$ cat start_18.cif   # mmCIF, C-alpha atoms
data_work
loop_
_atom_site.group_PDB
_atom_site.id
_atom_site.type_symbol
_atom_site.label_atom_id
_atom_site.label_comp_id
_atom_site.auth_asym_id
_atom_site.auth_seq_id
_atom_site.Cartn_x
_atom_site.Cartn_y
_atom_site.Cartn_z
ATOM 1 C CA MET A 158 31.304 17.607 25.011
ATOM 2 C CA ILE A 159 31.276 13.815 24.736
ATOM 3 C CA VAL A 160 31.347 13.474 28.514
ATOM 4 C CA TYR A 161 28.376 15.817 28.806
ATOM 5 C CA ILE A 162 26.282 13.867 26.322
ATOM 6 C CA SER A 163 27.237 10.579 27.907
ATOM 7 C CA LEU A 164 26.322 11.778 31.397
ATOM 8 C CA VAL A 165 22.923 13.106 30.303
ATOM 9 C CA GLY A 166 22.190 9.951 28.348
ATOM 10 C CA ASP A 167 23.173 7.754 31.305
ATOM 11 C CA LEU A 168 20.979 9.861 33.601
ATOM 12 C CA VAL A 169 17.956 9.345 31.333
ATOM 13 C CA ARG A 170 18.556 5.593 31.249
ATOM 14 C CA LEU A 171 18.886 5.519 35.045
ATOM 15 C CA MET A 172 15.578 7.360 35.404
ATOM 16 C CA MET A 173 13.913 4.865 33.078
ATOM 17 C CA PHE A 174 15.268 2.021 35.192
ATOM 18 C CA LEU A 175 13.953 3.626 38.366
ATOM 19 C CA PHE A 176 10.558 4.336 36.781
ATOM 20 C CA ILE A 177 9.812 0.901 35.399
ATOM 21 C CA PRO A 178 6.075 1.068 34.538
ATOM 22 C CA TYR A 179 4.189 0.120 37.685
ATOM 23 C CA CYS A 180 0.688 1.044 36.566
ATOM 24 C CA ARG A 181 -1.304 -0.773 33.890
ATOM 25 C CA LEU A 182 -4.714 0.510 32.934
ATOM 26 C CA PRO A 183 -7.605 -1.931 32.407
ATOM 27 C CA VAL A 184 -7.879 -0.808 28.758
ATOM 28 C CA PRO A 185 -5.312 -0.787 25.927
ATOM 29 C CA VAL A 186 -2.990 2.243 25.966
ATOM 30 C CA ILE A 187 -1.476 3.980 22.944
ATOM 31 C CA SER A 188 1.307 6.448 23.723
ATOM 32 C CA VAL A 189 1.933 9.326 21.302
ATOM 33 C CA GLY A 190 5.216 11.051 22.077
ATOM 34 C CA ASN A 191 8.452 12.415 20.677
ATOM 35 C CA LEU A 192 12.166 12.786 21.320
ATOM 36 C CA THR A 193 12.315 16.578 20.953
ATOM 37 C CA TRP A 194 10.384 19.556 22.279
ATOM 38 C CA GLY A 195 7.406 20.842 20.280
ATOM 39 C CA GLY A 196 6.375 20.979 16.639
ATOM 40 C CA ASN A 197 6.150 17.239 16.120
ATOM 41 C CA GLY A 198 2.414 16.895 15.471
ATOM 42 C CA LYS A 199 1.487 14.975 18.624
ATOM 43 C CA THR A 200 -1.855 16.719 19.193
ATOM 44 C CA PRO A 201 -3.160 16.256 15.621
ATOM 45 C CA MET A 202 -2.103 12.599 15.781
ATOM 46 C CA VAL A 203 -3.897 12.099 19.105
ATOM 47 C CA GLU A 204 -7.067 13.537 17.561
ATOM 48 C CA PHE A 205 -6.596 11.427 14.421
ATOM 49 C CA ILE A 206 -6.313 8.218 16.466
ATOM 50 C CA ALA A 207 -9.309 9.188 18.608
ATOM 51 C CA ARG A 208 -11.448 9.739 15.519
ATOM 52 C CA ASN A 209 -10.306 6.413 14.105
ATOM 53 C CA PHE A 210 -11.621 4.635 17.188
ATOM 54 C CA LEU A 211 -14.811 6.695 17.254
ATOM 55 C CA GLU A 212 -15.563 5.705 13.674
ATOM 56 C CA ALA A 213 -15.147 2.067 14.728
ATOM 57 C CA GLY A 214 -17.604 2.536 17.592
ATOM 58 C CA ILE A 215 -14.911 2.516 20.285
ATOM 59 C CA SER A 216 -14.944 5.282 22.905
ATOM 60 C CA PRO A 217 -11.450 6.683 23.613
ATOM 61 C CA LEU A 218 -9.943 8.373 26.637
ATOM 62 C CA ILE A 219 -7.288 11.017 25.976
ATOM 63 C CA LEU A 220 -4.838 11.516 28.849
ATOM 64 C CA THR A 221 -2.859 14.745 28.671
ATOM 65 C CA ARG A 222 -0.793 16.843 31.019
ATOM 66 C CA GLY A 223 -2.252 20.110 29.703
ATOM 67 C CA TYR A 224 0.748 22.361 29.054
ATOM 68 C CA ALA A 225 0.805 26.153 28.574
ATOM 69 C CA GLY A 226 -2.644 27.050 29.811
ATOM 70 C CA GLY A 227 -4.267 24.039 28.185
ATOM 71 C CA ASP A 228 -4.592 25.478 24.672
ATOM 72 C CA GLU A 229 -4.129 22.047 23.088
ATOM 73 C CA VAL A 230 -6.730 20.551 25.441
ATOM 74 C CA LYS A 231 -9.239 23.258 24.518
ATOM 75 C CA MET A 232 -8.613 22.609 20.828
ATOM 76 C CA ILE A 233 -9.169 18.854 21.186
ATOM 77 C CA GLN A 234 -12.283 19.422 23.281
ATOM 78 C CA ARG A 235 -13.706 21.699 20.589
ATOM 79 C CA HIS A 236 -12.818 19.340 17.743
ATOM 80 C CA LEU A 237 -14.251 16.264 19.468
ATOM 81 C CA ALA A 238 -17.291 17.954 21.025
ATOM 82 C CA GLY A 239 -20.424 15.846 20.723
ATOM 83 C CA THR A 240 -18.526 12.547 20.703
ATOM 84 C CA PRO A 241 -18.143 10.065 23.582
ATOM 85 C CA THR A 242 -14.452 10.957 23.873
ATOM 86 C CA ARG A 243 -13.284 11.470 27.468
ATOM 87 C CA ILE A 244 -10.415 13.877 28.080
ATOM 88 C CA GLY A 245 -8.434 13.641 31.298
ATOM 89 C CA VAL A 246 -6.045 16.432 32.251
ATOM 90 C CA GLY A 247 -3.372 16.081 34.931
ATOM 91 C CA ALA A 248 0.271 15.279 35.583
ATOM 92 C CA ASN A 249 -0.621 11.957 37.213
ATOM 93 C CA ARG A 250 -2.127 10.184 34.222
ATOM 94 C CA SER A 251 -2.941 6.948 36.047
ATOM 95 C CA ALA A 252 -4.834 8.800 38.811
ATOM 96 C CA THR A 253 -6.673 10.878 36.202
ATOM 97 C CA ALA A 254 -7.635 7.727 34.296
ATOM 98 C CA ALA A 255 -8.837 6.015 37.477
ATOM 99 C CA SER A 256 -11.094 8.981 38.248
ATOM 100 C CA ILE A 257 -12.649 8.877 34.772
ATOM 101 C CA PHE A 258 -13.123 5.110 34.949
ATOM 102 C CA ARG A 259 -15.029 5.528 38.223
ATOM 103 C CA GLN A 260 -17.194 8.245 36.745
ATOM 104 C CA HIS A 261 -17.901 6.804 33.289
ATOM 105 C CA GLY A 262 -16.860 3.167 33.493
ATOM 106 C CA TYR A 263 -14.709 1.173 31.096
ATOM 107 C CA MET A 264 -15.015 -1.871 28.893
ATOM 108 C CA LYS A 265 -12.899 -4.927 29.501
ATOM 109 C CA PHE A 266 -10.654 -5.608 26.555
ATOM 110 C CA ASN A 267 -12.041 -8.113 24.064
ATOM 111 C CA SER A 268 -9.559 -8.734 21.250
ATOM 112 C CA THR A 269 -12.210 -10.270 18.980
ATOM 113 C CA LEU A 270 -14.614 -7.339 19.382
ATOM 114 C CA PHE A 271 -11.754 -4.860 18.929
ATOM 115 C CA ALA A 272 -10.606 -6.540 15.732
ATOM 116 C CA GLU A 273 -14.128 -6.728 14.297
ATOM 117 C CA GLN A 274 -14.902 -3.082 14.983
ATOM 118 C CA LEU A 275 -11.559 -1.743 13.742
ATOM 119 C CA SER A 276 -11.755 -3.795 10.547
ATOM 120 C CA SER A 277 -15.326 -2.728 9.764
ATOM 121 C CA THR A 278 -15.731 -0.474 6.727
ATOM 122 C CA GLN A 279 -18.857 1.092 8.229
ATOM 123 C CA HIS A 280 -18.960 3.928 10.763
ATOM 124 C CA LEU A 281 -20.372 2.486 13.958
ATOM 125 C CA ARG A 282 -21.322 3.422 17.489
ATOM 126 C CA LEU A 283 -20.932 1.159 20.483
ATOM 127 C CA ALA A 284 -23.939 -1.116 20.915
ATOM 128 C CA SER A 285 -26.793 0.044 23.140
ATOM 129 C CA GLY A 286 -25.322 3.538 23.417
ATOM 130 C CA ASN A 287 -22.468 2.185 25.559
ATOM 131 C CA ASP A 288 -19.975 5.035 25.899
ATOM 132 C CA LYS A 289 -17.687 3.361 28.396
ATOM 133 C CA VAL A 290 -13.989 3.932 27.767
ATOM 134 C CA ALA A 291 -12.459 1.138 25.681
ATOM 135 C CA VAL A 292 -9.008 2.539 24.837
ATOM 136 C CA ALA A 293 -6.668 5.197 26.254
ATOM 137 C CA ILE A 294 -4.483 7.560 24.219
ATOM 138 C CA LEU A 295 -1.536 8.947 26.150
ATOM 139 C CA ASP A 296 -0.648 12.410 24.816
ATOM 140 C CA ASP A 297 3.078 13.223 25.075
ATOM 141 C CA GLY A 298 3.616 9.895 26.772
ATOM 142 C CA MET A 299 7.030 8.698 25.646
ATOM 143 C CA GLN A 300 8.776 10.019 28.749
ATOM 144 C CA HIS A 301 5.862 9.186 31.078
ATOM 145 C CA TRP A 302 7.559 5.975 32.122
ATOM 146 C CA SER A 303 5.388 5.167 35.142
ATOM 147 C CA LEU A 304 2.400 4.195 32.988
ATOM 148 C CA SER A 305 2.532 1.023 30.926
ATOM 149 C CA ARG A 306 1.535 1.223 27.267
ATOM 150 C CA ASP A 307 0.699 -1.336 24.590
ATOM 151 C CA VAL A 308 1.749 0.741 21.582
ATOM 152 C CA GLU A 309 4.565 3.314 21.542
ATOM 153 C CA MET A 310 4.193 5.830 18.723
ATOM 154 C CA VAL A 311 6.950 8.404 18.176
ATOM 155 C CA MET A 312 6.378 11.591 16.173
ATOM 156 C CA ILE A 313 9.383 13.088 14.361
ATOM 157 C CA ASN A 314 9.572 16.590 12.923
ATOM 158 C CA GLY A 315 10.804 15.975 9.393
ATOM 159 C CA LEU A 316 12.149 19.520 9.040
ATOM 160 C CA ILE A 317 14.412 19.338 12.126
ATOM 161 C CA PRO A 318 14.289 15.690 13.291
ATOM 162 C CA TRP A 319 16.702 15.977 16.219
ATOM 163 C CA GLY A 320 16.890 19.735 16.765
ATOM 164 C CA ASN A 321 20.565 20.639 17.099
ATOM 165 C CA ASN A 322 21.413 16.991 17.924
ATOM 166 C CA HIS A 323 22.088 17.809 21.587
ATOM 167 C CA LEU A 324 20.274 16.643 24.692
ATOM 168 C CA LEU A 325 18.589 18.991 27.138
ATOM 169 C CA PRO A 326 19.455 21.573 28.335
ATOM 170 C CA ARG A 327 21.889 22.322 25.507
ATOM 171 C CA GLY A 328 19.522 21.070 22.826
ATOM 172 C CA SER A 329 15.942 19.915 22.372
ATOM 173 C CA LEU A 330 16.473 16.144 22.587
ATOM 174 C CA ARG A 331 14.704 14.642 25.586
ATOM 175 C CA GLU A 332 16.435 11.279 25.242
ATOM 176 C CA PRO A 333 19.339 9.761 23.301
ATOM 177 C CA LEU A 334 18.466 8.694 19.766
ATOM 178 C CA ASP A 335 18.664 5.021 20.663
ATOM 179 C CA ALA A 336 15.352 5.561 22.493
ATOM 180 C CA LEU A 337 13.737 5.111 19.080
ATOM 181 C CA CYS A 338 14.283 1.390 19.590
ATOM 182 C CA ARG A 339 11.293 1.469 21.944
ATOM 183 C CA ALA A 340 8.969 2.719 19.199
ATOM 184 C CA ASP A 341 6.420 0.402 17.619
ATOM 185 C CA ILE A 342 5.497 3.088 15.086
ATOM 186 C CA THR A 343 7.399 6.183 13.938
ATOM 187 C CA VAL A 344 5.605 8.955 12.062
ATOM 188 C CA ILE A 345 7.319 11.750 10.123
ATOM 189 C CA HIS A 346 5.488 15.055 10.624
ATOM 190 C CA HIS A 347 5.822 17.684 7.834
ATOM 191 C CA ALA A 348 6.891 14.863 5.524
ATOM 192 C CA ASP A 349 5.404 16.735 2.550
ATOM 193 C CA LEU A 350 7.850 19.579 3.185
ATOM 194 C CA VAL A 351 10.952 17.434 3.491
ATOM 195 C CA TRP A 352 12.609 17.502 0.100
ATOM 196 C CA THR A 353 15.736 19.158 -1.179
ATOM 197 C CA VAL A 354 15.958 20.713 -4.627
ATOM 198 C CA LEU A 355 18.860 21.596 -6.901
ATOM 199 C CA CYS A 356 17.871 24.314 -9.381
ATOM 200 C CA VAL A 357 19.924 24.000 -12.577
ATOM 201 C CA SER A 358 19.501 26.784 -15.108
ATOM 202 C CA GLY A 359 21.108 28.746 -17.892
ATOM 203 C CA ILE A 360 18.805 31.769 -17.966
ATOM 204 C CA GLY A 361 19.068 35.503 -17.435
ATOM 205 C CA SER A 362 17.401 35.532 -14.000
ATOM 206 C CA PRO A 363 18.347 32.395 -12.028
ATOM 207 C CA CYS A 364 17.441 34.120 -8.737
ATOM 208 C CA ALA A 365 13.804 34.484 -9.781
ATOM 209 C CA PHE A 366 13.769 30.831 -10.874
ATOM 210 C CA ALA A 367 15.110 29.646 -7.496
ATOM 211 C CA GLN A 368 12.639 31.863 -5.630
ATOM 212 C CA ALA A 369 9.730 30.462 -7.649
ATOM 213 C CA VAL A 370 10.815 26.912 -6.835
ATOM 214 C CA GLY A 371 11.183 27.877 -3.164
ATOM 215 C CA LYS A 372 7.535 28.968 -3.044
ATOM 216 C CA ILE A 373 6.456 25.440 -3.960
ATOM 217 C CA GLY A 374 7.607 24.305 -0.528
ATOM 218 C CA PRO A 375 10.921 22.406 -0.513
ATOM 219 C CA SER A 376 12.839 22.389 2.760
ATOM 220 C CA TYR A 377 16.052 23.505 1.023
ATOM 221 C CA VAL A 378 16.854 24.997 -2.392
ATOM 222 C CA ASP A 379 20.371 24.900 -3.849
ATOM 223 C CA ARG A 380 21.446 26.458 -7.155
ATOM 224 C CA LEU A 381 23.791 25.681 -9.995
ATOM 225 C CA ASP A 382 23.740 28.652 -12.386
ATOM 226 C CA PHE A 383 25.146 28.693 -15.906
ATOM 227 C CA ASP A 384 25.335 31.631 -18.326
ATOM 228 C CA ASP A 385 22.192 32.744 -20.106
ATOM 229 C CA HIS A 386 21.320 30.443 -23.067
ATOM 230 C CA HIS A 387 23.977 27.968 -21.938
ATOM 231 C CA SER A 388 23.552 24.522 -23.464
ATOM 232 C CA ILE A 389 24.333 21.799 -20.926
ATOM 233 C CA GLN A 390 27.280 19.594 -21.922
ATOM 234 C CA PHE A 391 28.596 16.260 -20.610
ATOM 235 C CA HIS A 392 31.157 17.967 -18.371
ATOM 236 C CA ASP A 393 28.255 19.996 -16.911
ATOM 237 C CA ILE A 394 26.437 16.753 -16.149
ATOM 238 C CA LYS A 395 29.477 15.614 -14.183
ATOM 239 C CA LEU A 396 29.410 18.875 -12.212
ATOM 240 C CA ILE A 397 25.682 18.490 -11.526
ATOM 241 C CA LYS A 398 26.146 14.914 -10.303
ATOM 242 C CA GLU A 399 28.939 15.988 -7.956
ATOM 243 C CA ARG A 400 26.701 18.669 -6.442
ATOM 244 C CA LEU A 401 23.854 16.179 -6.091
ATOM 245 C CA GLU A 402 26.112 13.734 -4.260
ATOM 246 C CA GLU A 403 27.226 16.500 -1.896
ATOM 247 C CA LEU A 404 23.612 17.392 -1.113
ATOM 248 C CA ALA A 405 22.605 13.752 -0.707
ATOM 249 C CA ASN A 406 25.413 13.163 1.791
ATOM 250 C CA ARG A 407 24.474 16.327 3.647
ATOM 251 C CA PHE A 408 20.715 15.779 3.891
ATOM 252 C CA LYS A 409 20.647 11.979 3.764
ATOM 253 C CA GLU A 410 17.910 11.956 1.144
ATOM 254 C CA LYS A 411 17.411 11.757 -2.598
ATOM 255 C CA ILE A 412 17.722 15.174 -4.237
ATOM 256 C CA ILE A 413 15.323 16.483 -6.883
ATOM 257 C CA VAL A 414 16.674 18.385 -9.907
ATOM 258 C CA VAL A 415 14.531 21.210 -11.304
ATOM 259 C CA VAL A 416 15.264 22.902 -14.633
ATOM 260 C CA THR A 417 13.429 25.567 -16.631
ATOM 261 C CA GLU A 418 11.508 24.899 -19.813
ATOM 262 C CA LYS A 419 14.160 26.783 -21.777
ATOM 263 C CA ASP A 420 16.933 24.556 -20.413
ATOM 264 C CA TYR A 421 14.880 21.470 -21.236
ATOM 265 C CA ASP A 422 14.098 22.583 -24.774
ATOM 266 C CA ARG A 423 17.745 23.331 -25.576
ATOM 267 C CA ASP A 424 18.662 19.655 -25.264
ATOM 268 C CA PRO A 425 16.217 17.293 -23.510
ATOM 269 C CA LEU A 426 18.377 14.260 -24.336
ATOM 270 C CA ILE A 427 21.383 15.443 -22.317
ATOM 271 C CA LEU A 428 19.211 15.492 -19.205
ATOM 272 C CA THR A 429 18.629 11.746 -19.551
ATOM 273 C CA GLU A 430 22.223 11.391 -18.295
ATOM 274 C CA LEU A 431 20.729 12.228 -14.875
ATOM 275 C CA HIS A 432 18.620 9.051 -15.000
ATOM 276 C CA ASP A 433 19.530 8.167 -11.396
ATOM 277 C CA PHE A 434 17.735 11.296 -10.191
ATOM 278 C CA ASP A 435 14.274 12.801 -10.485
ATOM 279 C CA VAL A 436 14.435 15.695 -12.964
ATOM 280 C CA LEU A 437 11.455 18.053 -13.047
ATOM 281 C CA VAL A 438 10.738 20.879 -15.492
ATOM 282 C CA LEU A 439 9.205 24.066 -14.084
ATOM 283 C CA CYS A 440 6.636 25.298 -16.596
ATOM 284 C CA CYS A 441 5.579 28.915 -16.485
ATOM 285 C CA SER A 442 2.978 31.298 -17.827
ATOM 286 C CA LEU A 443 2.475 35.017 -17.396
ATOM 287 C CA HIS A 444 -0.161 36.439 -15.063
ATOM 288 C CA ILE A 445 -0.807 40.160 -14.760
ATOM 289 C CA MET A 446 -1.344 41.247 -11.159
ATOM 290 C CA THR A 447 -4.062 43.729 -10.372
ATOM 291 C CA THR A 448 -2.609 46.783 -8.648
ATOM 292 C CA LYS A 449 -3.532 50.462 -8.345
ATOM 293 C CA GLY A 450 -6.498 50.109 -10.669
ATOM 294 C CA GLN A 451 -4.511 48.311 -13.342
ATOM 295 C CA SER A 452 -5.554 44.782 -14.254
ATOM 296 C CA GLU A 453 -5.243 42.184 -16.990
ATOM 297 C CA GLU A 454 -8.362 43.574 -18.614
ATOM 298 C CA SER A 455 -7.059 47.160 -18.555
ATOM 299 C CA PHE A 456 -3.802 45.909 -20.088
ATOM 300 C CA LYS A 457 -5.702 44.304 -22.970
ATOM 301 C CA ILE A 458 -7.746 47.473 -23.502
ATOM 302 C CA LYS A 459 -4.615 49.627 -23.490
ATOM 303 C CA LEU A 460 -2.893 47.383 -26.011
ATOM 304 C CA LYS A 461 -5.938 47.468 -28.281
ATOM 305 C CA GLU A 462 -6.231 51.241 -28.032
ATOM 306 C CA LEU A 463 -2.549 51.695 -28.939
ATOM 307 C CA LEU A 464 -2.835 49.426 -31.944
ATOM 308 C CA ILE A 465 -5.891 51.306 -33.176
ATOM 309 C CA SER A 466 -4.406 54.739 -32.619
ATOM 310 C CA LYS A 467 -0.948 53.931 -34.011
ATOM 311 C CA HIS A 468 -1.899 51.694 -36.894
ATOM 312 C CA GLY A 469 -5.514 52.461 -37.696
ATOM 313 C CA GLY A 470 -5.275 56.270 -37.501
#

$ encode --input "start_18.cif" --output "structure tokens"
Amino acid sequence: MIVYISLVGDLVRLMMFLFIPYCRLPVPVISVGNLTWGGNGKTPMVEFIARNFLEAGISPLILTRGYAGGDEVKMIQRHLAGTPTRIGVGANRSATAASIFRQHGYMKFNSTLFAEQLSSTQHLRLASGNDKVAVAILDDGMQHWSLSRDVEMVMINGLIPWGNNHLLPRGSLREPLDALCRADITVIHHADLVWTVLCVSGIGSPCAFAQAVGKIGPSYVDRLDFDDHHSIQFHDIKLIKERLEELANRFKEKIIVVVTEKDYDRDPLILTELHDFDVLVLCCSLHIMTTKGQSEESFKIKLKELLISKHGG
């Protein structure tokens, strides 16, 4: 196992040594890449960066290989239609860029102009309708070692950062993790979904409570169930802290505690013993679902009719 990983890692480093960037484009290059296959948000980031430059009056060139029938290329083309964005598709990015430069031209880099336009709070267009390429965005460029880049941006899938932690072909890692040292910027994709929750409750239906919390969107939900109407004691706090430490060591992140309103109302002061952790209270209210002709309104009518017939008759 260790030999396998070492050999693959050494092979990647050897390839990088052999493919020392030999081509530098006449415009600044931003590489958007990742360490694992798929699901890392590269394409949305490429579009985001392109729009950022467009708003500053700088025309971008997007260089992409165009995988899987070019669905991502078609999406970017549709999203950026009507803008001076150039999109070059091809395995040889430098040759593709050269072709576009010949066809549309490019602007020589001017650091002062770049800084002024990027720092402007107004949405601009290049002066005199000049749509020459001023910056290149290299889609999925981290392993495209033959093309030099000025900024290396690495996208990381927050839900499964390193896949199964193995290099190709056994896993989804393209390079050893120390390749992150090359990154100027790292971006966590799905960061809003990366949080682990410990549901602590003493109610009659802890499963429903955990399921409700799960629908909010945490990446992992753990449970610590006590008997119905249980009042949390100091020895329970110790048990909760031990579980939180286990989860923190496992997921390498701060864990959020969620309790029900009933558990909170039994003794809100005891929960202050968890002051080192974020403790949230899940509030609830009843909603009647409409199904098979029955609705909240029909429920109210039925209740009123029963009261009248039973009590007013």

$ resolve_selection --input "start_18.cif" --expression "the PyMOL selection byres ((chain A and resi 304) around 10)" --output "list in words"
Phe176, Ile177, Pro178, Tyr179, Cys180, Arg181, Leu182, Val186, Ser188, Asn249, Arg250, Ser251, Leu295, Gly298, Met299, Gln300, His301, Trp302, Ser303, Ser305 and Arg306 of chain A

$ resolve_selection --input "start_18.cif" --expression "the PyMOL selection byres ((chain A and resi 379) around 8)" --output "MDAnalysis selection string"
chainID A and resid 353:356 367 377:378 380:381

$ residues_around --input "start_18.cif" --residues "region 191-194 of chain A" --least-positions-apart "4" --cutoff "12 Å" --atoms "all atoms listed in the file" --output "PyMOL selection string"
chain A and resi 198-200+202+295-301+309-315+317-326+328-340+342-346

$ closest_residue --input "start_18.cif" --among "A:Asp385, A:Glu402, A:Glu418, A:Glu454" --to "Cys440 (chain A)" --atoms "all atoms listed in the file"
A:Glu418

$ residues_around --input "start_18.cif" --residues "region 256-268 of chain A" --least-positions-apart "2" --cutoff "8 Å" --atoms "all atoms listed in the file" --output "list in words"
Pro183, Val184, Pro185, Arg243, Gly245, Ala252, Thr253, Ala254, Leu270, Phe271, Ala272, Asp288, Lys289, Val290 and Ala291 of chain A

$ closest_residue --input "start_18.cif" --among "A:Gly361, A:Val438, A:Ile413, A:Ser466" --to "Pro425 (chain A)" --atoms "all atoms listed in the file"
A:Val438

$ closest_residue --input "start_18.cif" --among "A:Ile360, A:Ile206, A:Ile187, A:Ala348" --to "Ser376 (chain A)" --atoms "only C-alpha atoms"
A:Ala348

$ atom_distance --input "start_18.cif" --atom1 "CA of His347 (chain A)" --atom2 "CA of Val370 (chain A)"
18.0 Å

$ atom_distance --input "start_18.cif" --atom1 "CA of Ile394 (chain A)" --atom2 "CA of Gly374 (chain A)"
25.6 Å

$ residues_around --input "start_18.cif" --residues "Phe210 (chain A)" --least-positions-apart "5" --cutoff "9 Å" --atoms "all atoms listed in the file" --output "VMD selection string"
chain A and resid 205 215 to 217 274 to 275 292

$ residues_around --input "start_18.cif" --residues "His387 (chain A)" --least-positions-apart "2" --cutoff "8 Å" --atoms "all atoms listed in the file" --output "PDB file with C-alpha atoms, in the coordinates of the input"
ATOM      1  CA  GLY A 359      21.108  28.746 -17.892  1.00  0.00           C
ATOM      2  CA  ILE A 360      18.805  31.769 -17.966  1.00  0.00           C
ATOM      3  CA  PHE A 383      25.146  28.693 -15.906  1.00  0.00           C
ATOM      4  CA  ASP A 384      25.335  31.631 -18.326  1.00  0.00           C
ATOM      5  CA  ASP A 385      22.192  32.744 -20.106  1.00  0.00           C
ATOM      6  CA  ILE A 389      24.333  21.799 -20.926  1.00  0.00           C
ATOM      7  CA  ASP A 420      16.933  24.556 -20.413  1.00  0.00           C
TER       8      ASP A 420
END

$ closest_residue --input "start_18.cif" --among "A:Val203, A:Ala369, A:Val436, A:Leu211" --to "Leu401 (chain A)" --atoms "all atoms listed in the file"
A:Val436

$ atom_distance --input "start_18.cif" --atom1 "CA of Arg327 (chain A)" --atom2 "CA of Gly196 (chain A)"
17.9 Å
